[in-house]
There are 4 protein chains.
Amino acid sequence: MAKRIAEPAVPVQDTEPDGPRLTKGERTRARLVAAAEEVFGEGTYDEASIVEITRRAGVSQGTFYLYFPSKLDIFREVVRDLGHQLRMRLSVAVQGAETRAEIERRGFIEFFTFIEEHPEMYRIIRQAEFVDRDSYRAHYERLAAGYVEGLSKGMAAGQVRVMDPEAVAYCLMGLAEIIGMRWILWDGGGGRMPKTVVESILDFIYHGLLPADRS
Amino acid sequence: MAKRIAEPAVPVQDTEPDGPRLTKGERTRARLVAAAEEVFGEGTYDEASIVEITRRAGVSQGTFYLYFPSKLDIFREVVRDLGHQLRMRLSVAVQGAETRAEIERRGFIEFFTFIEEHPEMYRIIRQAEFVDRDSYRAHYERLAAGYVEGLSKGMAAGQVRVMDPEAVAYCLMGLAEIIGMRWILWDGGGGRMPKTVVESILDFIYHGLLPADRS
Amino acid sequence: MAKRIAEPAVPVQDTEPDGPRLTKGERTRARLVAAAEEVFGEGTYDEASIVEITRRAGVSQGTFYLYFPSKLDIFREVVRDLGHQLRMRLSVAVQGAETRAEIERRGFIEFFTFIEEHPEMYRIIRQAEFVDRDSYRAHYERLAAGYVEGLSKGMAAGQVRVMDPEAVAYCLMGLAEIIGMRWILWDGGGGRMPKTVVESILDFIYHGLLPADRS
Amino acid sequence: MAKRIAEPAVPVQDTEPDGPRLTKGERTRARLVAAAEEVFGEGTYDEASIVEITRRAGVSQGTFYLYFPSKLDIFREVVRDLGHQLRMRLSVAVQGAETRAEIERRGFIEFFTFIEEHPEMYRIIRQAEFVDRDSYRAHYERLAAGYVEGLSKGMAAGQVRVMDPEAVAYCLMGLAEIIGMRWILWDGGGGRMPKTVVESILDFIYHGLLPADRS
DNA sequence: AATGAATGAGAGTTCATTCAT
DNA sequence: TATGAATGAACTCTCATTCAT
């Protein structure tokens, strides 16, 4: 990380737009979380250092421990936070979609957009697998829960072939992730999904889910 | 003396079964790789230490640097090695399968078996994403290459719907991985895939790949 | 927020029984000293932290420095305080004793009782040897002073063999301390002195002090 | 500690008088123990820092952990070592003494001499009470054991009044310690015991131990 | 071909203390 | 009279790596 080289960091402005509503402490805490999100996103959990997080947040090292008991704890918070953001975005995106195909299309596209916007989110959550398996598992379970619900309804309504809904939910998540990795993150990090890839995937999923008699 | 703290785990035998065929140096090297595979599989890349690797290999720390220029280098070798093993097993498993469905069935089942047998392999390869992205990418590209070839033939032969073959290959890999993680690794680590889950996935894939006019 | 990590142990009541007589400030100060006595008694001077003292006293860290300029200062006060308590108890205990033997018996028993009741007092005063030698020395000098006075009178009256009274005073203090340590503190912390040990010691002292021609 | 100021320390000579007999590692270890003895003797256990110990030993901080797993472990070793030295000296000193009085005289004088020569030994052992109670207790138990044996014989032979020998042993140790503290350490640290004090104590002990009918 | 010894940078964490409000 | 927030120096300990033998 180039950041290793110690520059005096941004002189902290205490009069930020959203300042007045929060206490001073709450603002500091928020700055720490934001900084941590950045730093964890750039390298390994182990490469990320408290020194760097506090430097970017514009506070001293001691201050960190006023708000988080340990490095692991802020990592957990960051994972929780990112998962929450993702779920919000997805649930908003699929609102109002009528057919299963439409839901999947909107969901997948929103997911890819999110990763394009927050490529670091990807790194962080996947690292949780090694750093704090519980956070990681919780993330997927929460995400899967929504999916399972939707798929079950679709099966009941005859729009989706009857299969183990949890298995299918995980298939779709795994699939979306690896595709995002391959076409967004690998290709320079700022890549966008090629249209033909998106269409192929949606096609694959569409037929994979569709009840036999409908095809 | 250092011995107080940790003594060599295994008194090293220099006359091992496969000894005679290799030079002393080659045997030492092999022992180091084997030890590294163990150690990397147990924790994080950062948690794994050269001390521990050499201790298990029964050699001194200095010896390590006779064979590998750095910790990262032996990690790369381990990743390459595991990927190689996996590809061999898969290619043997699908040999002789006639239909696309049969190929997928055999491939998936072999993959899950491999993970059940080497859960640590999973940890190691996924860590490569953060530790040495090139190894990681190379692993998937090699794996994808075989898949793409098979799928392209299937499409040409009209057994598989025409889609971007690389996109589909990655879909299948991502799907297999997350399922392996959820049902093998999470459930205690020694879990086996439930039948209904396997069948649901194969069903999903089968319809996902099938050409429309065949259904 | 810091509260995550530690909340005030006791919701502080400002209307305590002995409240009305003292100003608010005096009560806060007293609470701090009491808390410090507890905390210093539990571990090392260095292990004791201002955070913990203020937490138990139910005040903020900043408040501490309103009453004491430093950690060392409150430690000194605690030592002074404990020494004072001890001297009071001893002087009350020996009041009315007629012979030297009786004085020693009552004094020693009272001392052991005090240690049984306040084992932490012991830890604190002995630590002063390292933390603040002046407090420590002052404690012993004050204690010795009383002893020297009594012994000198005894010598003048022919009840005690003529020796350097200060040397004898220190002998008796050192002897009492180590015995208290061995039989009260070591044996589980809540131990009581065995009778035979007490009698042996008193016997030893008795003959040690007795004038030769009397024996 | 003035030593806090970082001076490049003594450039280490590798060809010391007792060099040839020990391996390089053993010499380093010995240097660390010697340095630790110095440093622990100067201040608190907590004030003593690994930095300072290694600086005086002329090795890097990392080297420390090649020989000792932790700061506490080297402290323990130092305590054991000092106790051993002391016991050796005492046993040599009393060798050949015939009467009980002679034994006590020689023992006490040797003890005071030892403290005059190693005032730091005193600090270190007493600190063990707080730092590692087991070391501390073990020290006294070992010292007491020898005493108890001698006293028991004396009682059997009718040279010493019959009392609980362990109680008496601890009395004598406690007494010696406090006297050493008061007249050697307090008076400037380099003090010597005044003759009259020594005589008073021996007198006190003599009569304390003497069987009644003999006096 | 192998080892024992040493290094030194860097990590996470703690804590007495200060100060604006 | 009291607090919440912040500081920064100091600490113990780990580890990949180097090198003389």
# chains A, B, ... in the order shown; residues from 1 in each chain; ligands from 1
$ calpha_fit_and_write --fixed "chain A" --moving "chain C" --output "CSV table (one decimal) with C-alpha atoms, in the first residue's frame"
chain,number,residue,atom,x,y,z
C,1,MET,CA,9.5,11.9,16.3
C,2,ALA,CA,6.9,9.7,14.7
C,3,LYS,CA,5.7,12.6,12.6
C,4,ARG,CA,8.8,12.2,10.5
C,5,ILE,CA,7.4,9.0,9.2
C,6,ALA,CA,3.8,9.8,8.6
C,7,GLU,CA,1.7,12.8,9.1
C,8,PRO,CA,-2.1,12.8,9.4
C,9,ALA,CA,-3.4,12.5,5.8
C,10,VAL,CA,-6.2,14.9,6.3
C,11,PRO,CA,-6.3,17.8,8.6
C,12,VAL,CA,-9.4,16.9,10.4
C,13,GLN,CA,-12.3,19.3,10.2
C,14,ASP,CA,-14.6,19.0,13.1
C,15,THR,CA,-17.4,20.9,11.6
C,16,GLU,CA,-18.6,18.6,8.9
C,17,PRO,CA,-22.0,19.0,7.1
C,18,ASP,CA,-23.6,16.1,9.0
C,19,GLY,CA,-21.8,17.2,12.2
C,20,PRO,CA,-24.4,18.9,14.3
C,21,ARG,CA,-26.7,15.9,14.4
C,22,LEU,CA,-24.1,13.6,15.9
C,23,THR,CA,-22.0,13.9,19.0
C,24,LYS,CA,-18.3,14.4,18.6
C,25,GLY,CA,-17.8,10.8,19.5
C,26,GLU,CA,-20.2,9.5,17.0
C,27,ARG,CA,-18.6,11.4,14.3
C,28,THR,CA,-15.1,10.0,15.2
C,29,ARG,CA,-16.5,6.6,15.2
C,30,ALA,CA,-18.1,7.1,11.8
C,31,ARG,CA,-14.8,8.4,10.4
C,32,LEU,CA,-13.1,5.3,11.7
C,33,VAL,CA,-15.5,3.0,10.1
C,34,ALA,CA,-15.2,4.8,6.8
C,35,ALA,CA,-11.5,4.7,6.9
C,36,ALA,CA,-11.5,1.0,7.7
C,37,GLU,CA,-13.8,0.3,4.8
C,38,GLU,CA,-11.2,2.0,2.5
C,39,VAL,CA,-8.2,0.3,4.0
C,40,PHE,CA,-9.7,-3.2,4.2
C,41,GLY,CA,-10.8,-2.9,0.6
C,42,GLU,CA,-7.3,-2.2,-0.6
C,43,GLY,CA,-5.4,-5.2,0.6
C,44,THR,CA,-5.6,-8.1,2.9
C,45,TYR,CA,-7.0,-8.0,6.4
C,46,ASP,CA,-3.5,-8.6,7.6
C,47,GLU,CA,-2.1,-5.9,5.4
C,48,ALA,CA,-4.6,-3.4,6.8
C,49,SER,CA,-3.1,-1.8,9.8
C,50,ILE,CA,-4.6,0.2,12.6
C,51,VAL,CA,-2.0,2.8,12.0
C,52,GLU,CA,-3.3,3.4,8.5
C,53,ILE,CA,-6.9,3.4,9.6
C,54,THR,CA,-6.4,6.0,12.3
C,55,ARG,CA,-4.2,8.0,10.0
C,56,ARG,CA,-6.9,8.3,7.4
C,57,ALA,CA,-9.5,9.0,10.1
C,58,GLY,CA,-7.3,11.7,11.4
C,59,VAL,CA,-7.1,10.4,14.9
C,60,SER,CA,-4.4,8.9,17.1
C,61,GLN,CA,-3.9,5.2,17.5
C,62,GLY,CA,-5.1,5.4,21.1
C,63,THR,CA,-8.4,6.8,20.0
C,64,PHE,CA,-9.2,3.7,18.0
C,65,TYR,CA,-9.5,1.7,21.1
C,66,LEU,CA,-11.9,4.1,22.6
C,67,TYR,CA,-14.4,2.9,20.0
C,68,PHE,CA,-13.4,-0.6,19.1
C,69,PRO,CA,-12.0,-3.3,21.3
C,70,SER,CA,-9.9,-4.8,18.5
C,71,LYS,CA,-9.1,-4.8,14.8
C,72,LEU,CA,-11.4,-7.8,14.4
C,73,ASP,CA,-14.3,-5.9,15.8
C,74,ILE,CA,-14.1,-3.0,13.4
C,75,PHE,CA,-13.8,-5.5,10.6
C,76,ARG,CA,-17.0,-7.2,11.7
C,77,GLU,CA,-18.7,-3.9,11.7
C,78,VAL,CA,-17.6,-3.1,8.2
C,79,VAL,CA,-18.8,-6.5,6.9
C,80,ARG,CA,-22.2,-6.0,8.6
C,81,ASP,CA,-22.4,-2.6,7.1
C,82,LEU,CA,-21.6,-3.6,3.6
C,83,GLY,CA,-24.0,-6.5,3.7
C,84,HIS,CA,-26.7,-4.2,4.9
C,85,GLN,CA,-26.1,-1.7,2.1
C,86,LEU,CA,-26.2,-4.5,-0.4
C,87,ARG,CA,-29.5,-6.0,0.8
C,88,MET,CA,-31.1,-2.6,0.8
C,89,ARG,CA,-30.2,-2.0,-2.8
C,90,LEU,CA,-31.4,-5.4,-3.9
C,91,SER,CA,-34.7,-5.1,-2.1
C,92,VAL,CA,-35.4,-1.7,-3.6
C,93,ALA,CA,-34.4,-2.9,-7.1
C,94,VAL,CA,-36.8,-5.8,-7.2
C,95,GLN,CA,-39.7,-3.9,-5.8
C,96,GLY,CA,-42.6,-4.0,-8.2
C,97,ALA,CA,-41.3,-6.7,-10.4
C,98,GLU,CA,-44.0,-9.1,-11.3
C,99,THR,CA,-42.7,-12.3,-12.9
C,100,ARG,CA,-39.9,-14.4,-11.5
C,101,ALA,CA,-37.8,-13.6,-14.6
C,102,GLU,CA,-38.2,-9.9,-14.0
C,103,ILE,CA,-37.1,-10.3,-10.4
C,104,GLU,CA,-34.0,-12.2,-11.3
C,105,ARG,CA,-33.1,-9.8,-14.1
C,106,ARG,CA,-33.4,-6.8,-11.9
C,107,GLY,CA,-31.7,-8.4,-8.9
C,108,PHE,CA,-28.7,-9.6,-10.9
C,109,ILE,CA,-28.2,-6.3,-12.7
C,110,GLU,CA,-28.4,-4.4,-9.4
C,111,PHE,CA,-25.9,-6.8,-7.9
C,112,PHE,CA,-23.4,-6.3,-10.8
C,113,THR,CA,-23.9,-2.5,-10.6
C,114,PHE,CA,-23.2,-2.6,-6.9
C,115,ILE,CA,-19.9,-4.5,-7.5
C,116,GLU,CA,-18.9,-2.1,-10.2
C,117,GLU,CA,-19.4,0.7,-7.9
C,118,HIS,CA,-17.8,-0.9,-4.8
C,119,PRO,CA,-15.3,-3.4,-6.0
C,120,GLU,CA,-13.7,-3.3,-2.6
C,121,MET,CA,-16.9,-4.6,-1.0
C,122,TYR,CA,-16.3,-7.8,-2.7
C,123,ARG,CA,-12.8,-8.2,-1.4
C,124,ILE,CA,-13.9,-7.5,2.1
C,125,ILE,CA,-16.7,-9.9,2.4
C,126,ARG,CA,-14.8,-12.7,0.8
C,127,GLN,CA,-12.0,-12.2,3.2
C,128,ALA,CA,-14.4,-12.6,6.1
C,129,GLU,CA,-14.4,-16.3,5.2
C,130,PHE,CA,-10.9,-16.6,6.6
C,131,VAL,CA,-10.9,-13.7,9.1
C,132,ASP,CA,-14.1,-14.2,10.9
C,133,ARG,CA,-16.2,-17.1,9.6
C,134,ASP,CA,-19.2,-16.1,11.6
C,135,SER,CA,-19.6,-12.7,9.9
C,136,TYR,CA,-19.2,-14.4,6.6
C,137,ARG,CA,-21.8,-17.0,7.3
C,138,ALA,CA,-24.2,-14.5,8.8
C,139,HIS,CA,-23.9,-12.4,5.6
C,140,TYR,CA,-24.9,-15.2,3.4
C,141,GLU,CA,-27.6,-16.4,5.6
C,142,ARG,CA,-29.2,-13.0,5.7
C,143,LEU,CA,-29.0,-12.7,2.0
C,144,ALA,CA,-30.3,-16.2,1.4
C,145,ALA,CA,-33.2,-15.7,3.7
C,146,GLY,CA,-34.7,-13.1,1.4
C,147,TYR,CA,-34.2,-15.3,-1.6
C,148,VAL,CA,-35.6,-18.4,0.0
C,149,GLU,CA,-38.8,-16.5,0.9
C,150,GLY,CA,-39.3,-15.3,-2.7
C,151,LEU,CA,-38.5,-18.7,-4.2
C,152,SER,CA,-40.8,-20.5,-1.9
C,153,LYS,CA,-43.7,-18.2,-2.8
C,154,GLY,CA,-42.8,-18.8,-6.5
C,155,MET,CA,-43.0,-22.5,-6.0
C,156,ALA,CA,-46.3,-22.3,-4.2
C,157,ALA,CA,-47.6,-20.1,-7.0
C,158,GLY,CA,-46.4,-22.6,-9.6
C,159,GLN,CA,-43.9,-20.1,-11.1
C,160,VAL,CA,-40.9,-22.0,-10.0
C,161,ARG,CA,-40.2,-25.7,-10.3
C,162,VAL,CA,-40.2,-27.3,-6.9
C,163,MET,CA,-36.7,-27.8,-5.5
C,164,ASP,CA,-35.0,-27.2,-2.2
C,165,PRO,CA,-35.3,-23.4,-2.0
C,166,GLU,CA,-32.2,-22.9,0.1
C,167,ALA,CA,-30.1,-24.9,-2.3
C,168,VAL,CA,-31.3,-22.8,-5.2
C,169,ALA,CA,-30.8,-19.6,-3.3
C,170,TYR,CA,-27.1,-20.5,-2.7
C,171,CYS,CA,-26.7,-21.5,-6.3
C,172,LEU,CA,-27.9,-18.1,-7.4
C,173,MET,CA,-25.6,-16.3,-5.0
C,174,GLY,CA,-22.6,-18.3,-5.9
C,175,LEU,CA,-23.2,-17.9,-9.5
C,176,ALA,CA,-23.6,-14.1,-9.3
C,177,GLU,CA,-20.4,-13.8,-7.3
C,178,ILE,CA,-18.2,-15.7,-9.5
C,179,ILE,CA,-19.5,-14.0,-12.6
C,180,GLY,CA,-19.0,-10.6,-11.0
C,181,MET,CA,-15.5,-11.6,-10.1
C,182,ARG,CA,-14.7,-12.9,-13.6
C,183,TRP,CA,-16.1,-10.1,-15.6
C,184,ILE,CA,-16.0,-7.1,-13.4
C,185,LEU,CA,-13.0,-7.5,-11.1
C,186,TRP,CA,-10.6,-9.4,-13.2
C,187,ASP,CA,-11.0,-7.3,-16.2
C,188,GLY,CA,-9.0,-4.4,-14.9
C,189,GLY,CA,-11.2,-3.7,-11.8
C,190,GLY,CA,-13.3,-1.1,-13.5
C,191,GLY,CA,-15.0,-3.4,-15.9
C,192,ARG,CA,-18.6,-3.6,-16.7
C,193,MET,CA,-20.5,-6.8,-17.5
C,194,PRO,CA,-20.8,-7.6,-21.2
C,195,LYS,CA,-24.4,-7.8,-22.4
C,196,THR,CA,-24.1,-11.3,-23.9
C,197,VAL,CA,-22.8,-12.7,-20.6
C,198,VAL,CA,-25.7,-11.2,-18.7
C,199,GLU,CA,-28.2,-12.5,-21.1
C,200,SER,CA,-26.6,-16.0,-21.1
C,201,ILE,CA,-26.8,-16.1,-17.4
C,202,LEU,CA,-30.3,-14.9,-17.1
C,203,ASP,CA,-31.3,-17.4,-19.8
C,204,PHE,CA,-29.6,-20.2,-17.9
C,205,ILE,CA,-31.3,-19.2,-14.6
C,206,TYR,CA,-34.7,-18.7,-16.3
C,207,HIS,CA,-34.8,-22.2,-17.6
C,208,GLY,CA,-33.2,-23.6,-14.5
C,209,LEU,CA,-36.0,-22.2,-12.4
C,210,LEU,CA,-38.9,-22.6,-14.8
C,211,PRO,CA,-41.5,-25.4,-14.0
C,212,ALA,CA,-41.2,-28.2,-16.5
C,213,ASP,CA,-44.7,-28.0,-17.9
C,214,ARG,CA,-44.3,-24.4,-18.7
C,215,SER,CA,-41.4,-24.6,-21.0
$ select_by_dssp --residues "stretch 133-197 of chain D" --states "helix (DSSP H, G or I)" --output "ChimeraX atom specification"
/D:133-156,165-185,195-197
$ atom_distance --atom1 "atom C1' of F:DG8" --atom2 "atom C1' of E:DA11"
16.5 Å
$ interface_residues --of "chain F" --to "chain D" --cutoff "10 Å" --atoms "only C-alpha atoms (C1' of nucleotides)" --output "NGL selection string"
:F and (10-15)
$ atom_distance --atom1 "atom C1' of F:DT1" --atom2 "atom C1' of E:DC15"
24.4 Å
$ atom_distance --atom1 "atom C1' of E:DG12" --atom2 "atom C1' of F:DT3"
28.5 Å
$ closest_atom_pairs --of "chain E" --to "chain B" --cutoff "8 Å" --atoms "only C-alpha atoms (C1' of nucleotides)" --output "Markdown table"
| residue | atom | partner | partner_atom | distance |
| --- | --- | --- | --- | --- |
| E:DA1 | C1' | B:Gly25 | CA | 7.0 |
| E:DA2 | C1' | B:Thr63 | CA | 6.0 |
| E:DT3 | C1' | B:Ser60 | CA | 6.2 |
$ write_last_selection --atoms "C-alpha atoms (C1' of nucleotides)" --output "compact mmCIF listing (two decimals), in the first residue's frame"
# COMPACT_ATOMS: atom_id res chain seq x y z
C1' DA E 1 23.10 -29.53 2.32
C1' DA E 2 22.13 -27.69 6.74
C1' DT E 3 22.01 -25.19 11.05
$ decode --residues "stretch 16-120 of chain C" --atoms "C-alpha atoms" --output "PDB file, in the first residue's frame"
ATOM      1  CA  GLU C  16     -25.802   8.515  51.204  1.00  0.00           C
ATOM      2  CA  PRO C  17     -26.246   8.060  54.964  1.00  0.00           C
ATOM      3  CA  ASP C  18     -23.213  10.095  55.856  1.00  0.00           C
ATOM      4  CA  GLY C  19     -23.930  12.502  53.089  1.00  0.00           C
ATOM      5  CA  PRO C  20     -25.387  15.562  54.753  1.00  0.00           C
ATOM      6  CA  ARG C  21     -22.348  16.159  56.900  1.00  0.00           C
ATOM      7  CA  LEU C  22     -19.927  16.374  53.998  1.00  0.00           C
ATOM      8  CA  THR C  23     -19.947  18.587  50.967  1.00  0.00           C
ATOM      9  CA  LYS C  24     -20.545  16.934  47.624  1.00  0.00           C
ATOM     10  CA  GLY C  25     -16.863  17.263  46.844  1.00  0.00           C
ATOM     11  CA  GLU C  26     -15.800  15.650  50.060  1.00  0.00           C
ATOM     12  CA  ARG C  27     -18.056  12.718  49.426  1.00  0.00           C
ATOM     13  CA  THR C  28     -16.651  12.237  45.927  1.00  0.00           C
ATOM     14  CA  ARG C  29     -13.165  12.335  47.290  1.00  0.00           C
ATOM     15  CA  ALA C  30     -13.984   9.765  49.932  1.00  0.00           C
ATOM     16  CA  ARG C  31     -15.530   7.495  47.325  1.00  0.00           C
ATOM     17  CA  LEU C  32     -12.364   7.734  45.280  1.00  0.00           C
ATOM     18  CA  VAL C  33     -10.156   6.792  48.201  1.00  0.00           C
ATOM     19  CA  ALA C  34     -12.373   3.855  49.063  1.00  0.00           C
ATOM     20  CA  ALA C  35     -12.352   2.648  45.486  1.00  0.00           C
ATOM     21  CA  ALA C  36      -8.593   3.040  45.304  1.00  0.00           C
ATOM     22  CA  GLU C  37      -8.171   0.996  48.466  1.00  0.00           C
ATOM     23  CA  GLU C  38     -10.112  -1.809  46.831  1.00  0.00           C
ATOM     24  CA  VAL C  39      -8.314  -1.649  43.539  1.00  0.00           C
ATOM     25  CA  PHE C  40      -4.780  -1.339  44.894  1.00  0.00           C
ATOM     26  CA  GLY C  41      -5.507  -4.252  47.192  1.00  0.00           C
ATOM     27  CA  GLU C  42      -6.428  -6.554  44.344  1.00  0.00           C
ATOM     28  CA  GLY C  43      -3.324  -6.393  42.210  1.00  0.00           C
ATOM     29  CA  THR C  44      -0.127  -4.518  41.594  1.00  0.00           C
ATOM     30  CA  TYR C  45       0.178  -0.761  41.728  1.00  0.00           C
ATOM     31  CA  ASP C  46       0.766  -0.909  38.012  1.00  0.00           C
ATOM     32  CA  GLU C  47      -2.152  -3.198  37.415  1.00  0.00           C
ATOM     33  CA  ALA C  48      -4.443  -0.797  39.204  1.00  0.00           C
ATOM     34  CA  SER C  49      -5.763   1.751  36.764  1.00  0.00           C
ATOM     35  CA  ILE C  50      -7.377   5.085  37.146  1.00  0.00           C
ATOM     36  CA  VAL C  51     -10.113   3.892  34.844  1.00  0.00           C
ATOM     37  CA  GLU C  52     -10.993   1.155  37.281  1.00  0.00           C
ATOM     38  CA  ILE C  53     -10.819   3.387  40.315  1.00  0.00           C
ATOM     39  CA  THR C  54     -13.097   5.984  38.799  1.00  0.00           C
ATOM     40  CA  ARG C  55     -15.441   3.323  37.488  1.00  0.00           C
ATOM     41  CA  ARG C  56     -15.912   1.928  40.972  1.00  0.00           C
ATOM     42  CA  ALA C  57     -16.244   5.355  42.460  1.00  0.00           C
ATOM     43  CA  GLY C  58     -18.890   6.092  39.864  1.00  0.00           C
ATOM     44  CA  VAL C  59     -17.232   9.191  38.488  1.00  0.00           C
ATOM     45  CA  SER C  60     -15.543  10.089  35.240  1.00  0.00           C
ATOM     46  CA  GLN C  61     -11.817   9.931  34.715  1.00  0.00           C
ATOM     47  CA  GLY C  62     -11.558  13.663  34.508  1.00  0.00           C
ATOM     48  CA  THR C  63     -13.048  14.016  37.967  1.00  0.00           C
ATOM     49  CA  PHE C  64     -10.193  12.067  39.458  1.00  0.00           C
ATOM     50  CA  TYR C  65      -7.772  14.853  38.680  1.00  0.00           C
ATOM     51  CA  LEU C  66      -9.951  17.321  40.449  1.00  0.00           C
ATOM     52  CA  TYR C  67      -9.030  15.609  43.709  1.00  0.00           C
ATOM     53  CA  PHE C  68      -5.644  14.066  43.179  1.00  0.00           C
ATOM     54  CA  PRO C  69      -2.796  15.324  41.061  1.00  0.00           C
ATOM     55  CA  SER C  70      -1.684  11.826  40.113  1.00  0.00           C
ATOM     56  CA  LYS C  71      -2.069   8.132  40.666  1.00  0.00           C
ATOM     57  CA  LEU C  72       0.882   8.179  43.014  1.00  0.00           C
ATOM     58  CA  ASP C  73      -0.791  10.739  45.209  1.00  0.00           C
ATOM     59  CA  ILE C  74      -3.880   8.725  45.861  1.00  0.00           C
ATOM     60  CA  PHE C  75      -1.692   5.715  46.550  1.00  0.00           C
ATOM     61  CA  ARG C  76       0.141   7.679  49.186  1.00  0.00           C
ATOM     62  CA  GLU C  77      -3.103   8.711  50.771  1.00  0.00           C
ATOM     63  CA  VAL C  78      -4.280   5.141  50.887  1.00  0.00           C
ATOM     64  CA  VAL C  79      -1.083   3.988  52.551  1.00  0.00           C
ATOM     65  CA  ARG C  80      -1.275   6.750  55.117  1.00  0.00           C
ATOM     66  CA  ASP C  81      -4.862   5.874  55.787  1.00  0.00           C
ATOM     67  CA  LEU C  82      -4.259   2.176  56.300  1.00  0.00           C
ATOM     68  CA  GLY C  83      -1.300   2.823  58.565  1.00  0.00           C
ATOM     69  CA  HIS C  84      -3.426   5.136  60.634  1.00  0.00           C
ATOM     70  CA  GLN C  85      -6.154   2.545  61.028  1.00  0.00           C
ATOM     71  CA  LEU C  86      -3.661  -0.063  62.069  1.00  0.00           C
ATOM     72  CA  ARG C  87      -2.012   2.108  64.689  1.00  0.00           C
ATOM     73  CA  MET C  88      -5.355   3.058  66.173  1.00  0.00           C
ATOM     74  CA  ARG C  89      -6.365  -0.549  66.524  1.00  0.00           C
ATOM     75  CA  LEU C  90      -3.101  -1.562  68.104  1.00  0.00           C
ATOM     76  CA  SER C  91      -3.074   1.250  70.602  1.00  0.00           C
ATOM     77  CA  VAL C  92      -6.627   0.471  71.659  1.00  0.00           C
ATOM     78  CA  ALA C  93      -5.831  -3.211  71.950  1.00  0.00           C
ATOM     79  CA  VAL C  94      -2.897  -2.856  74.319  1.00  0.00           C
ATOM     80  CA  GLN C  95      -4.579  -0.290  76.515  1.00  0.00           C
ATOM     81  CA  GLY C  96      -4.699  -1.514  80.074  1.00  0.00           C
ATOM     82  CA  ALA C  97      -2.236  -4.362  79.656  1.00  0.00           C
ATOM     83  CA  GLU C  98       0.059  -4.505  82.604  1.00  0.00           C
ATOM     84  CA  THR C  99       2.994  -6.784  81.940  1.00  0.00           C
ATOM     85  CA  ARG C 100       5.214  -6.716  78.891  1.00  0.00           C
ATOM     86  CA  ALA C 101       4.077 -10.209  78.031  1.00  0.00           C
ATOM     87  CA  GLU C 102       0.487  -9.097  78.068  1.00  0.00           C
ATOM     88  CA  ILE C 103       1.221  -6.126  75.848  1.00  0.00           C
ATOM     89  CA  GLU C 104       2.927  -8.286  73.287  1.00  0.00           C
ATOM     90  CA  ARG C 105       0.234 -10.910  73.346  1.00  0.00           C
ATOM     91  CA  ARG C 106      -2.545  -8.425  72.805  1.00  0.00           C
ATOM     92  CA  GLY C 107      -0.623  -6.489  70.187  1.00  0.00           C
ATOM     93  CA  PHE C 108       0.282  -9.515  68.133  1.00  0.00           C
ATOM     94  CA  ILE C 109      -3.180 -10.961  68.243  1.00  0.00           C
ATOM     95  CA  GLU C 110      -4.703  -7.673  67.236  1.00  0.00           C
ATOM     96  CA  PHE C 111      -2.245  -7.393  64.378  1.00  0.00           C
ATOM     97  CA  PHE C 112      -3.113 -10.826  63.067  1.00  0.00           C
ATOM     98  CA  THR C 113      -6.793 -10.112  63.378  1.00  0.00           C
ATOM     99  CA  PHE C 114      -6.353  -6.937  61.407  1.00  0.00           C
ATOM    100  CA  ILE C 115      -4.606  -8.793  58.615  1.00  0.00           C
ATOM    101  CA  GLU C 116      -7.255 -11.457  58.563  1.00  0.00           C
ATOM    102  CA  GLU C 117      -9.849  -8.751  58.174  1.00  0.00           C
ATOM    103  CA  HIS C 118      -7.917  -6.649  55.653  1.00  0.00           C
ATOM    104  CA  PRO C 119      -5.578  -8.921  53.756  1.00  0.00           C
ATOM    105  CA  GLU C 120      -5.337  -6.302  51.037  1.00  0.00           C
TER     106      GLU C 120
END
